[in-house]
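Here is the structure we will look at, set down as structure tokens.
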Amino acid sequence: MTDAEAKARIAFLVAEINRHDRLYYVEAKPVIGDRDYDILYEELLRLERDWPQFRDPDSPTQRVSGAPTSAFAQVRHDPPMQSLDKTHAKGELAEFDAFVRKTVSGFTYLVEPKVDGVSISLRYEGRRLVRAATRGNGIVGDDVTVNVRTIRSVPLSLPDSAPDVLEVRGEVYMTRDGFAALNSREEAEGREAFANPRNACAGSLKQLDPKVTASRPLDIVIYNAGGEGCDGFARHSEMVTAFKKWGFPVAPWSRACATIDKVYAAIDELESLRHTFRFEIDGAVVKIDERGLYEVLGATAHGPRWARAYKYAPERAETVVESITVQVGRTGILTPVAELKPTELAGSTISRATLHNADQIARQDIRVGDHVWLVKAGDVIPAVESVMTEKRTGAERIFEMPLACPVCGGEVRRNDGEVAVRCVNPACPAQLARRVEHFASRDALDLRALGETVVEAMVAEKMISDPLDLFSVRVVDLYALDISGHRFGKNAQTVMDALKAARELPLHRWLYAVGIPNVGVTVAKSIAAEHEKFSDLADSPVLKNVLANDELKGRERKILAIKAEAARAVLSFFASDYGRSFLSRMAELGIDPIAEKTAPVASTGPLAGAGCVLTGALSRPRGEYAKLIERAGGVIQSAVTKKTRYLIAGENVGATKTEKARALGTEVIDEARLLAMLAESGT
Ligand code: AMP
Ligand code: ZN
């Protein structure tokens, strides 16, 4: 490949990957699969490594850039980033309407969701992202550019149709699903859980190491002009349409309303949709659409006079903490749980809420017998918001964390830097039961018949002392197992059948089943994709390589911070005494799960075993052809050698190149011929 070709190819790949990122992260309409995306991404990484002089600083491979810092630079906002005046009742909105009507005429209202995140300003110069800043006190905020760059839906560069200099404002948020997953991960690692998605988001943006931010599920919505570049729009709604065209994510819902009554209806409609968005909303924002009227309407020190926030009443319910129990998790972490008087909240009946840890209980001063307000953090996780101290009678009891494991009576310890207390007894039956439950869960080995009570009974009867012992359990013992006064009976056979099927499950299911920290379903899949079988993991060159070369990679493996952590965790699991004995038990049982193959590779047909080089402009992405050729049994090469059977030449391929290929005995074919061969191969 010549310099000019490399440069052109890199530019093509950057544009192509940016396009796919936008389709995936902004429009949620991906047109290629993860595997094809990874092929493009890896080709770009390779070319950028070989031709560093052509590496674009805004290449998708450069989202995590820069070393950890010790402090954030300060950024002055011009104009200031204002807040919004808030209303909590429709009557107050009527006053707003009266004020607007008295001052101007010929206007339309716009109702938008009030996204509950962290406000942010993005500045582009020469259509490239040059700065991202938090609101701070509205006048001066923190420069968080390196962190915001890691958010995949934030465009690093803008299309030519966008103004040269542009500042837009919006909200960074943590997705609700992402928040729940992050919190369970934090807790499983013994760290403090976040109170809500907004705190988790703010904390993620304030990380000094951008790799940590990159590992957090953040997203963005743009809804405001910053100043420069937004002058030409007569209407706010037109501006938002332009934002969208330029590649920014915008809110998926808004309503134009001619009258204040229509505004009320829109606010009610939005409230009914409240839990359907990817972000949490805490209300609606009512704006005037005609931007020409903003100057006349003016602003107060607090916020513009042409907009109002309408806050929804927080969804919360009163209940009573009847007791506080302590659960022992898979890794031994002791978690206090509030057992509540069952109550309805945001569509479900809630009778328990995690209290996270003893520090948290002390901070909130939650006592047994307290009347409390219950909320749903991130719209999903029930949480005690606050204690109604005015309802205390004096009969409430202060909770104390047990000094020994409530299940096995073993020693508990608190590691340095952790909030969690752990039972350190490796034989703790509670830990074992949780581990077996995980082993049997749907995404792991899917042993449906093994519910919590069955597992607990098996552990109590000492039928098993390790998840792998399930494979040695005798059907007669299982048949006779006493489950709260009943025999397990016929269900024993169902379990046996499921265990038999589990032996044949693919690598990623087993890897996940082991329950290694940092190895969730997605990570297990991406690790499995790079290995052949379970026994290859222990000494895996791929995993060692990840650790040695902590570089950002493809979309599903985008968060290298996690991948390196996961690689380390897998390697140290297999290096541990337990990991080694697990592996030899697997060998004794004759189980060595193999990775699922994506698609069978053809061993006959015109391309089987043929070395192929793709060159020139083709009508489809090269990665796509590479995949099809590989499936047809061909081998993709980067340059023509004596082993190359076909040079597939697209448009604009120089004669010297094709002549050189022919001299080496390579057949030069065009795209049409390739397609014919692929068809013949049946791929
Ligand atoms: P608060 O943070 O409660 O003072 O509310 C004001 C803030 O709401 C603004 O500064 C924005 O950060 C945020 N906000 C969220 N969604 C919107 C929206 N659609 N339009 C304007 N501001 C919004
Ligand atoms: Zn224990």
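Chains: A, B, ... in order of the structure tokens. Residues: from 1 per chain. Ligands: from 1, in order shown.
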Using 8 Å as the limit and counting only C-alpha atoms, can you tabulate each residue of range 207-285 of chain A that touches range 97-113 of chain A, with its shortest atom-to-atom distance in Å and the two atoms involved, as CSV?
residue,atom,partner,partner_atom,distance
A:Ser237,CA,A:Leu110,CA,8.0
A:Ala251,CA,A:Pro113,CA,7.3
A:Trp253,CA,A:Glu112,CA,6.8
A:Ser254,CA,A:Glu112,CA,4.7
A:Arg255,CA,A:Val111,CA,5.2
A:Ala256,CA,A:Leu110,CA,4.5
A:Cys257,CA,A:Tyr109,CA,5.0
A:Ala258,CA,A:Thr108,CA,5.1
A:Thr259,CA,A:Tyr109,CA,7.3
A:Ile260,CA,A:Asp97,CA,6.7
A:Val263,CA,A:Val111,CA,6.8
A:Ala266,CA,A:Val111,CA,6.8
A:Ile267,CA,A:Val111,CA,7.2
A:Leu270,CA,A:Pro113,CA,7.2
A:Ile281,CA,A:Pro113,CA,6.4
A:Gly283,CA,A:Pro113,CA,6.4
A:Ala284,CA,A:Pro113,CA,4.6
A:Val285,CA,A:Glu112,CA,5.2
Atoms kept (C-alpha atoms) for selection, written as a short mmCIF file (atom, residue, chain, number, x, y, z; two decimals), in the first residue's frame:
data_model
loop_
_atom_site.label_atom_id
_atom_site.label_comp_id
_atom_site.auth_asym_id
_atom_site.auth_seq_id
_atom_site.Cartn_x
_atom_site.Cartn_y
_atom_site.Cartn_z
CA SER A 237 -37.67 23.61 16.81
CA ALA A 251 -34.81 14.36 22.73
CA TRP A 253 -40.21 13.63 22.09
CA SER A 254 -41.49 17.23 21.98
CA ARG A 255 -44.84 18.95 21.34
CA ALA A 256 -45.69 22.28 19.75
CA CYS A 257 -48.70 23.86 21.50
CA ALA A 258 -50.70 26.88 20.41
CA THR A 259 -52.39 27.45 23.78
CA ILE A 260 -51.61 26.95 27.44
CA VAL A 263 -49.36 22.78 27.07
CA ALA A 266 -48.64 17.83 26.58
CA ILE A 267 -47.27 17.90 30.13
CA LEU A 270 -45.15 13.42 28.88
CA ILE A 281 -36.86 13.03 33.52
CA GLY A 283 -40.35 17.34 34.59
CA ALA A 284 -41.15 19.23 31.41
CA VAL A 285 -39.61 22.38 29.98
#
Legend entry - Surrounding residues of range 398-411 of chain A excluding itself and chain neighbours under 6 positions, 12 Å, only C-alpha atoms, as a PyMOL selection string: chain A and resi 321-329+332-338+355-362+364-370+420-433+456+460
Inset, instruction - Going by DSSP on the backbone, which bits of range 37-125 of chain A are helix (DSSP H, G or I)? Write them as a VMD selection string, please. - result: chain A and resid 37 to 50 52 to 54 60 to 62 90 to 103
Inset, instruction - With a distance cut-off of 8 Å and only C-alpha atoms, select the neighbouring residues of range 40-47 of chain A, excluding the residue or stretch itself and same-chain residues fewer than 5 positions from it, and output the selection as a PyMOL selection string. - result: chain A and resi 6+10+13-14+17+52+61+553-554+623
Return as a PDB file with N, CA and C atoms, in the first residue's frame the residues of protein, DNA or RNA that approach ligand 1 to within 10 Å, with only C-alpha atoms and all ligand atoms taken into account.
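Output below, filename result-v3.pdb:
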ATOM      1  N   MET A  81     -24.316  29.892  31.548  1.00  0.00           N
ATOM      2  CA  MET A  81     -25.253  28.772  31.455  1.00  0.00           C
ATOM      3  C   MET A  81     -26.276  28.943  32.564  1.00  0.00           C
ATOM      4  N   GLN A  82     -27.471  29.373  32.138  1.00  0.00           N
ATOM      5  CA  GLN A  82     -28.473  29.693  33.142  1.00  0.00           C
ATOM      6  C   GLN A  82     -29.251  28.475  33.596  1.00  0.00           C
ATOM      7  N   SER A  83     -29.933  28.665  34.699  1.00  0.00           N
ATOM      8  CA  SER A  83     -30.843  27.639  35.185  1.00  0.00           C
ATOM      9  C   SER A  83     -32.229  27.960  34.625  1.00  0.00           C
ATOM     10  N   LEU A  84     -33.251  27.337  35.138  1.00  0.00           N
ATOM     11  CA  LEU A  84     -34.613  27.624  34.686  1.00  0.00           C
ATOM     12  C   LEU A  84     -35.474  27.920  35.903  1.00  0.00           C
ATOM     13  N   ASP A  85     -36.406  28.865  35.759  1.00  0.00           N
ATOM     14  CA  ASP A  85     -37.357  29.061  36.855  1.00  0.00           C
ATOM     15  C   ASP A  85     -38.289  27.871  36.882  1.00  0.00           C
ATOM     16  N   LYS A  86     -38.620  27.446  38.109  1.00  0.00           N
ATOM     17  CA  LYS A  86     -39.400  26.215  38.222  1.00  0.00           C
ATOM     18  C   LYS A  86     -40.820  26.472  38.696  1.00  0.00           C
ATOM     19  N   LEU A 110     -43.470  25.264  23.119  1.00  0.00           N
ATOM     20  CA  LEU A 110     -42.877  23.968  22.825  1.00  0.00           C
ATOM     21  C   LEU A 110     -42.685  23.279  24.167  1.00  0.00           C
ATOM     22  N   VAL A 111     -43.113  22.025  24.271  1.00  0.00           N
ATOM     23  CA  VAL A 111     -42.903  21.285  25.515  1.00  0.00           C
ATOM     24  C   VAL A 111     -41.864  20.195  25.251  1.00  0.00           C
ATOM     25  N   GLU A 112     -40.815  20.174  26.083  1.00  0.00           N
ATOM     26  CA  GLU A 112     -39.743  19.174  25.940  1.00  0.00           C
ATOM     27  C   GLU A 112     -39.559  18.439  27.264  1.00  0.00           C
ATOM     28  N   PRO A 113     -39.038  17.223  27.223  1.00  0.00           N
ATOM     29  CA  PRO A 113     -38.728  16.555  28.494  1.00  0.00           C
ATOM     30  C   PRO A 113     -37.601  17.278  29.222  1.00  0.00           C
ATOM     31  N   LYS A 114     -37.702  17.359  30.524  1.00  0.00           N
ATOM     32  CA  LYS A 114     -36.613  17.938  31.317  1.00  0.00           C
ATOM     33  C   LYS A 114     -35.706  16.782  31.752  1.00  0.00           C
ATOM     34  N   VAL A 115     -34.608  16.675  31.064  1.00  0.00           N
ATOM     35  CA  VAL A 115     -33.694  15.559  31.272  1.00  0.00           C
ATOM     36  C   VAL A 115     -32.943  15.765  32.587  1.00  0.00           C
ATOM     37  N   ASP A 116     -32.928  14.733  33.421  1.00  0.00           N
ATOM     38  CA  ASP A 116     -32.296  14.875  34.731  1.00  0.00           C
ATOM     39  C   ASP A 116     -30.869  14.332  34.675  1.00  0.00           C
ATOM     40  N   GLY A 117     -29.978  15.186  34.220  1.00  0.00           N
ATOM     41  CA  GLY A 117     -28.580  14.761  34.126  1.00  0.00           C
ATOM     42  C   GLY A 117     -27.669  15.885  34.582  1.00  0.00           C
ATOM     43  N   VAL A 118     -26.590  16.059  33.853  1.00  0.00           N
ATOM     44  CA  VAL A 118     -25.618  17.097  34.196  1.00  0.00           C
ATOM     45  C   VAL A 118     -25.489  18.013  32.990  1.00  0.00           C
ATOM     46  N   SER A 119     -25.711  19.343  33.166  1.00  0.00           N
ATOM     47  CA  SER A 119     -25.662  20.181  31.957  1.00  0.00           C
ATOM     48  C   SER A 119     -24.237  20.380  31.480  1.00  0.00           C
ATOM     49  N   ILE A 120     -24.160  20.492  30.159  1.00  0.00           N
ATOM     50  CA  ILE A 120     -22.841  20.492  29.528  1.00  0.00           C
ATOM     51  C   ILE A 120     -22.855  21.435  28.334  1.00  0.00           C
ATOM     52  N   SER A 121     -21.718  22.015  28.029  1.00  0.00           N
ATOM     53  CA  SER A 121     -21.595  22.832  26.826  1.00  0.00           C
ATOM     54  C   SER A 121     -20.534  22.204  25.933  1.00  0.00           C
ATOM     55  N   THR A 134     -18.612  21.646  32.034  1.00  0.00           N
ATOM     56  CA  THR A 134     -19.792  21.544  32.897  1.00  0.00           C
ATOM     57  C   THR A 134     -20.308  22.945  33.203  1.00  0.00           C
ATOM     58  N   ARG A 135     -21.519  23.008  33.751  1.00  0.00           N
ATOM     59  CA  ARG A 135     -22.077  24.321  34.052  1.00  0.00           C
ATOM     60  C   ARG A 135     -21.331  25.003  35.193  1.00  0.00           C
ATOM     61  N   GLY A 138     -22.382  28.370  36.546  1.00  0.00           N
ATOM     62  CA  GLY A 138     -23.081  29.056  35.466  1.00  0.00           C
ATOM     63  C   GLY A 138     -22.180  30.031  34.739  1.00  0.00           C
ATOM     64  N   ARG A 169     -25.558  23.280  23.804  1.00  0.00           N
ATOM     65  CA  ARG A 169     -25.659  22.877  25.200  1.00  0.00           C
ATOM     66  C   ARG A 169     -26.707  21.794  25.373  1.00  0.00           C
ATOM     67  N   GLY A 170     -26.508  20.988  26.346  1.00  0.00           N
ATOM     68  CA  GLY A 170     -27.440  19.897  26.586  1.00  0.00           C
ATOM     69  C   GLY A 170     -27.138  19.229  27.906  1.00  0.00           C
ATOM     70  N   GLU A 171     -27.491  17.975  27.958  1.00  0.00           N
ATOM     71  CA  GLU A 171     -27.411  17.261  29.213  1.00  0.00           C
ATOM     72  C   GLU A 171     -26.726  15.910  28.996  1.00  0.00           C
ATOM     73  N   VAL A 172     -25.723  15.620  29.807  1.00  0.00           N
ATOM     74  CA  VAL A 172     -25.142  14.280  29.798  1.00  0.00           C
ATOM     75  C   VAL A 172     -25.909  13.466  30.837  1.00  0.00           C
ATOM     76  N   VAL A 221     -27.933  14.419  25.379  1.00  0.00           N
ATOM     77  CA  VAL A 221     -29.032  15.007  24.616  1.00  0.00           C
ATOM     78  C   VAL A 221     -28.698  16.483  24.461  1.00  0.00           C
ATOM     79  N   ILE A 222     -28.860  17.019  23.255  1.00  0.00           N
ATOM     80  CA  ILE A 222     -28.594  18.439  23.019  1.00  0.00           C
ATOM     81  C   ILE A 222     -29.935  19.154  22.851  1.00  0.00           C
ATOM     82  N   TYR A 223     -30.144  20.261  23.576  1.00  0.00           N
ATOM     83  CA  TYR A 223     -31.427  20.960  23.474  1.00  0.00           C
ATOM     84  C   TYR A 223     -31.301  22.472  23.466  1.00  0.00           C
ATOM     85  N   ASN A 224     -30.098  23.006  23.485  1.00  0.00           N
ATOM     86  CA  ASN A 224     -29.989  24.460  23.587  1.00  0.00           C
ATOM     87  C   ASN A 224     -28.864  25.016  22.737  1.00  0.00           C
ATOM     88  N   ALA A 225     -29.079  26.270  22.297  1.00  0.00           N
ATOM     89  CA  ALA A 225     -28.010  26.999  21.639  1.00  0.00           C
ATOM     90  C   ALA A 225     -27.016  27.417  22.710  1.00  0.00           C
ATOM     91  N   VAL A 250     -30.838  14.242  19.968  1.00  0.00           N
ATOM     92  CA  VAL A 250     -31.806  15.183  20.541  1.00  0.00           C
ATOM     93  C   VAL A 250     -32.916  14.388  21.211  1.00  0.00           C
ATOM     94  N   ALA A 251     -33.749  15.071  22.010  1.00  0.00           N
ATOM     95  CA  ALA A 251     -34.808  14.361  22.732  1.00  0.00           C
ATOM     96  C   ALA A 251     -35.757  13.716  21.732  1.00  0.00           C
ATOM     97  N   TRP A 253     -38.812  13.211  21.949  1.00  0.00           N
ATOM     98  CA  TRP A 253     -40.213  13.627  22.094  1.00  0.00           C
ATOM     99  C   TRP A 253     -40.259  15.132  22.305  1.00  0.00           C
ATOM    100  N   SER A 254     -41.192  15.831  21.638  1.00  0.00           N
ATOM    101  CA  SER A 254     -41.493  17.231  21.975  1.00  0.00           C
ATOM    102  C   SER A 254     -42.842  17.546  21.347  1.00  0.00           C
ATOM    103  N   ILE A 281     -36.451  11.640  33.647  1.00  0.00           N
ATOM    104  CA  ILE A 281     -36.864  13.031  33.520  1.00  0.00           C
ATOM    105  C   ILE A 281     -37.505  13.454  34.826  1.00  0.00           C
ATOM    106  N   ASP A 282     -37.276  14.724  35.205  1.00  0.00           N
ATOM    107  CA  ASP A 282     -37.875  15.183  36.457  1.00  0.00           C
ATOM    108  C   ASP A 282     -38.937  16.229  36.176  1.00  0.00           C
ATOM    109  N   GLY A 283     -39.293  16.408  34.905  1.00  0.00           N
ATOM    110  CA  GLY A 283     -40.346  17.341  34.594  1.00  0.00           C
ATOM    111  C   GLY A 283     -40.376  17.647  33.121  1.00  0.00           C
ATOM    112  N   ALA A 284     -41.055  18.772  32.790  1.00  0.00           N
ATOM    113  CA  ALA A 284     -41.149  19.226  31.413  1.00  0.00           C
ATOM    114  C   ALA A 284     -40.549  20.617  31.346  1.00  0.00           C
ATOM    115  N   VAL A 285     -40.052  20.999  30.178  1.00  0.00           N
ATOM    116  CA  VAL A 285     -39.611  22.380  29.978  1.00  0.00           C
ATOM    117  C   VAL A 285     -40.539  22.989  28.938  1.00  0.00           C
ATOM    118  N   VAL A 286     -41.137  24.134  29.276  1.00  0.00           N
ATOM    119  CA  VAL A 286     -42.013  24.846  28.350  1.00  0.00           C
ATOM    120  C   VAL A 286     -41.217  26.022  27.803  1.00  0.00           C
ATOM    121  N   LYS A 287     -41.089  26.103  26.485  1.00  0.00           N
ATOM    122  CA  LYS A 287     -40.291  27.160  25.858  1.00  0.00           C
ATOM    123  C   LYS A 287     -41.121  27.871  24.813  1.00  0.00           C
ATOM    124  N   HIS A 302     -31.631  34.376  37.322  1.00  0.00           N
ATOM    125  CA  HIS A 302     -31.737  32.924  37.466  1.00  0.00           C
ATOM    126  C   HIS A 302     -31.894  32.202  36.133  1.00  0.00           C
ATOM    127  N   GLY A 303     -32.764  32.758  35.266  1.00  0.00           N
ATOM    128  CA  GLY A 303     -33.017  32.043  34.020  1.00  0.00           C
ATOM    129  C   GLY A 303     -33.788  32.887  33.037  1.00  0.00           C
ATOM    130  N   ALA A 307     -38.849  30.718  29.092  1.00  0.00           N
ATOM    131  CA  ALA A 307     -38.955  29.272  29.364  1.00  0.00           C
ATOM    132  C   ALA A 307     -39.282  29.047  30.837  1.00  0.00           C
ATOM    133  N   ARG A 308     -39.941  27.933  31.126  1.00  0.00           N
ATOM    134  CA  ARG A 308     -40.230  27.529  32.503  1.00  0.00           C
ATOM    135  C   ARG A 308     -40.046  26.021  32.616  1.00  0.00           C
ATOM    136  N   ALA A 309     -39.516  25.610  33.753  1.00  0.00           N
ATOM    137  CA  ALA A 309     -39.490  24.178  34.030  1.00  0.00           C
ATOM    138  C   ALA A 309     -40.744  23.848  34.824  1.00  0.00           C
ATOM    139  N   TYR A 310     -41.365  22.735  34.501  1.00  0.00           N
ATOM    140  CA  TYR A 310     -42.496  22.242  35.289  1.00  0.00           C
ATOM    141  C   TYR A 310     -42.049  20.931  35.905  1.00  0.00           C
ATOM    142  N   LYS A 311     -41.919  20.915  37.217  1.00  0.00           N
ATOM    143  CA  LYS A 311     -41.397  19.708  37.881  1.00  0.00           C
ATOM    144  C   LYS A 311     -42.537  18.772  38.245  1.00  0.00           C
TER     145      LYS A 311
END
Inset, instruction - Enumerate as a list in words all residues of range 402-603 of chain A assigned to strand (DSSP E or B) by DSSP on the backbone, naming them with the chain letters and numbers the document uses. - result: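 The strand (DSSP E or B) subset of range 402-603 of chain A is Ala404, Glu411, Val412, Arg413, Val421, Arg422, Cys423, Asp482, Ile483, His486, Arg487, Lys533 and Ile594 of chain A.
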Take the residues from that selection and put them in a file with N, CA, C and O atoms, as a PDB file, in the first residue's frame.
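Writing done, so here's result_10.pdb:
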ATOM      1  N   ALA A 404     -20.310 -11.290  62.962  1.00  0.00           N
ATOM      2  CA  ALA A 404     -19.931 -12.551  62.324  1.00  0.00           C
ATOM      3  C   ALA A 404     -20.913 -12.788  61.185  1.00  0.00           C
ATOM      4  O   ALA A 404     -21.976 -12.159  61.131  1.00  0.00           O
ATOM      5  N   GLU A 411     -15.834 -15.443  60.419  1.00  0.00           N
ATOM      6  CA  GLU A 411     -15.269 -14.108  60.609  1.00  0.00           C
ATOM      7  C   GLU A 411     -15.686 -13.177  59.458  1.00  0.00           C
ATOM      8  O   GLU A 411     -15.753 -13.596  58.311  1.00  0.00           O
ATOM      9  N   VAL A 412     -15.963 -11.908  59.780  1.00  0.00           N
ATOM     10  CA  VAL A 412     -16.199 -10.929  58.719  1.00  0.00           C
ATOM     11  C   VAL A 412     -15.098  -9.880  58.771  1.00  0.00           C
ATOM     12  O   VAL A 412     -14.558  -9.576  59.828  1.00  0.00           O
ATOM     13  N   ARG A 413     -14.778  -9.333  57.615  1.00  0.00           N
ATOM     14  CA  ARG A 413     -13.668  -8.391  57.516  1.00  0.00           C
ATOM     15  C   ARG A 413     -14.017  -7.298  56.527  1.00  0.00           C
ATOM     16  O   ARG A 413     -14.810  -7.499  55.606  1.00  0.00           O
ATOM     17  N   VAL A 421     -18.475  -5.174  53.936  1.00  0.00           N
ATOM     18  CA  VAL A 421     -17.947  -6.133  54.904  1.00  0.00           C
ATOM     19  C   VAL A 421     -18.145  -7.509  54.290  1.00  0.00           C
ATOM     20  O   VAL A 421     -19.196  -7.780  53.697  1.00  0.00           O
ATOM     21  N   ARG A 422     -17.139  -8.368  54.396  1.00  0.00           N
ATOM     22  CA  ARG A 422     -17.250  -9.682  53.763  1.00  0.00           C
ATOM     23  C   ARG A 422     -17.088 -10.815  54.754  1.00  0.00           C
ATOM     24  O   ARG A 422     -16.264 -10.729  55.667  1.00  0.00           O
ATOM     25  N   CYS A 423     -17.818 -11.900  54.502  1.00  0.00           N
ATOM     26  CA  CYS A 423     -17.562 -13.148  55.197  1.00  0.00           C
ATOM     27  C   CYS A 423     -16.387 -13.798  54.478  1.00  0.00           C
ATOM     28  O   CYS A 423     -16.430 -13.994  53.274  1.00  0.00           O
ATOM     29  N   ASP A 482     -35.199 -33.373  50.639  1.00  0.00           N
ATOM     30  CA  ASP A 482     -36.336 -32.797  51.343  1.00  0.00           C
ATOM     31  C   ASP A 482     -36.380 -31.277  51.116  1.00  0.00           C
ATOM     32  O   ASP A 482     -35.468 -30.564  51.480  1.00  0.00           O
ATOM     33  N   ILE A 483     -37.474 -30.833  50.460  1.00  0.00           N
ATOM     34  CA  ILE A 483     -37.637 -29.391  50.238  1.00  0.00           C
ATOM     35  C   ILE A 483     -38.810 -28.952  51.099  1.00  0.00           C
ATOM     36  O   ILE A 483     -39.952 -29.214  50.753  1.00  0.00           O
ATOM     37  N   HIS A 486     -41.376 -31.635  51.547  1.00  0.00           N
ATOM     38  CA  HIS A 486     -41.758 -32.443  50.396  1.00  0.00           C
ATOM     39  C   HIS A 486     -40.519 -33.043  49.760  1.00  0.00           C
ATOM     40  O   HIS A 486     -39.461 -32.437  49.794  1.00  0.00           O
ATOM     41  N   ARG A 487     -40.712 -34.189  49.134  1.00  0.00           N
ATOM     42  CA  ARG A 487     -39.581 -34.743  48.396  1.00  0.00           C
ATOM     43  C   ARG A 487     -39.467 -34.059  47.048  1.00  0.00           C
ATOM     44  O   ARG A 487     -40.475 -33.707  46.436  1.00  0.00           O
ATOM     45  N   LYS A 533     -11.533 -23.033  23.198  1.00  0.00           N
ATOM     46  CA  LYS A 533     -12.183 -23.837  24.222  1.00  0.00           C
ATOM     47  C   LYS A 533     -11.787 -23.370  25.619  1.00  0.00           C
ATOM     48  O   LYS A 533     -10.822 -22.613  25.800  1.00  0.00           O
ATOM     49  N   ILE A 594     -16.660 -25.493  24.041  1.00  0.00           N
ATOM     50  CA  ILE A 594     -16.019 -24.850  22.899  1.00  0.00           C
ATOM     51  C   ILE A 594     -16.799 -23.600  22.486  1.00  0.00           C
ATOM     52  O   ILE A 594     -18.003 -23.482  22.730  1.00  0.00           O
TER      53      ILE A 594
END
Inset, instruction - Check the smallest atom-to-atom distance from each of A:Glu671, A:Asp160, A:Glu532, A:Asp209 to Phe72 in chain A using only C-alpha atoms, then report the winner. - result: A:Asp209
Inset, instruction - Show which residues sit within 9 Å of Lys341 in chain A, as number ranges by chain. Count only C-alpha atoms, and ignore same-chain residues fewer than 5 positions away. - result: A: 319-322, 350-352
Restrict the selected residues to all heavy atoms and save them as a short mmCIF file (atom, residue, chain, number, x, y, z; two decimals), in the first residue's frame.
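Full text of selection12.cif as output:
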data_model
loop_
_atom_site.label_atom_id
_atom_site.label_comp_id
_atom_site.auth_asym_id
_atom_site.auth_seq_id
_atom_site.Cartn_x
_atom_site.Cartn_y
_atom_site.Cartn_z
N THR A 319 -43.77 4.09 53.68
CA THR A 319 -43.90 2.73 54.19
C THR A 319 -43.13 2.61 55.50
O THR A 319 -42.62 3.61 56.01
CB THR A 319 -43.45 1.68 53.15
OG1 THR A 319 -43.75 0.38 53.66
CG2 THR A 319 -41.97 1.76 52.88
N VAL A 320 -43.10 1.39 56.04
CA VAL A 320 -42.46 1.19 57.33
C VAL A 320 -41.36 0.13 57.19
O VAL A 320 -41.56 -0.89 56.53
CB VAL A 320 -43.49 0.72 58.39
CG1 VAL A 320 -42.82 0.43 59.73
CG2 VAL A 320 -44.59 1.75 58.55
N VAL A 321 -40.22 0.38 57.82
CA VAL A 321 -39.14 -0.61 57.84
C VAL A 321 -39.48 -1.61 58.94
O VAL A 321 -39.37 -1.29 60.13
CB VAL A 321 -37.77 0.05 58.12
CG1 VAL A 321 -36.67 -1.00 58.22
CG2 VAL A 321 -37.45 1.08 57.06
N GLU A 322 -39.92 -2.81 58.56
CA GLU A 322 -40.34 -3.77 59.58
C GLU A 322 -39.16 -4.47 60.22
O GLU A 322 -39.18 -4.81 61.39
CB GLU A 322 -41.34 -4.76 58.98
CG GLU A 322 -42.65 -4.05 58.66
CD GLU A 322 -43.70 -4.93 58.03
OE1 GLU A 322 -43.33 -5.92 57.35
OE2 GLU A 322 -44.89 -4.61 58.21
N ILE A 350 -43.69 -3.15 46.31
CA ILE A 350 -42.33 -3.27 46.81
C ILE A 350 -42.33 -3.67 48.28
O ILE A 350 -43.06 -3.10 49.09
CB ILE A 350 -41.59 -1.94 46.60
CG1 ILE A 350 -41.42 -1.75 45.10
CG2 ILE A 350 -40.23 -1.94 47.27
CD1 ILE A 350 -41.08 -0.38 44.71
N SER A 351 -41.52 -4.68 48.60
CA SER A 351 -41.48 -5.12 49.99
C SER A 351 -40.05 -5.18 50.53
O SER A 351 -39.85 -5.46 51.70
CB SER A 351 -42.16 -6.48 50.14
OG SER A 351 -41.56 -7.39 49.25
N ARG A 352 -39.07 -4.93 49.67
CA ARG A 352 -37.68 -4.92 50.13
C ARG A 352 -36.91 -3.83 49.40
O ARG A 352 -37.21 -3.51 48.27
CB ARG A 352 -36.97 -6.24 49.84
CG ARG A 352 -37.82 -7.47 49.98
CD ARG A 352 -36.99 -8.71 49.71
NE ARG A 352 -36.11 -8.96 50.84
CZ ARG A 352 -35.13 -9.84 50.83
NH1 ARG A 352 -34.87 -10.51 49.71
NH2 ARG A 352 -34.39 -10.03 51.88
#
Inset, instruction - Take CA of Lys90 in chain A and CA of Gly298 in chain A and report the distance between them in Å, one decimal. - result: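 If I compute the distance from CA of Lys90 in chain A to CA of Gly298 in chain A, I get 22.3 Å.
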Legend entry - Neighbour list for range 277-279 of chain A as a VMD selection string, cut-off 9 Å, only C-alpha atoms, skip fewer than 6 positions in-chain: chain A and resid 115 to 117 173 to 177 197 219 252 378
Legend entry - For CA of Ser603 in chain A and CA of Gly633 in chain A, the interatomic separation in Å (one decimal):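 Computed distance, CA of Ser603 in chain A to CA of Gly633 in chain A, equals 5.8 Å.
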Inset, instruction - Figure out the distance between CA of Phe179 in chain A and CA of Thr69 in chain A, please, to one decimal in Å. - result: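 Taking CA of Thr69 in chain A and CA of Phe179 in chain A, their separation equals 25.2 Å.
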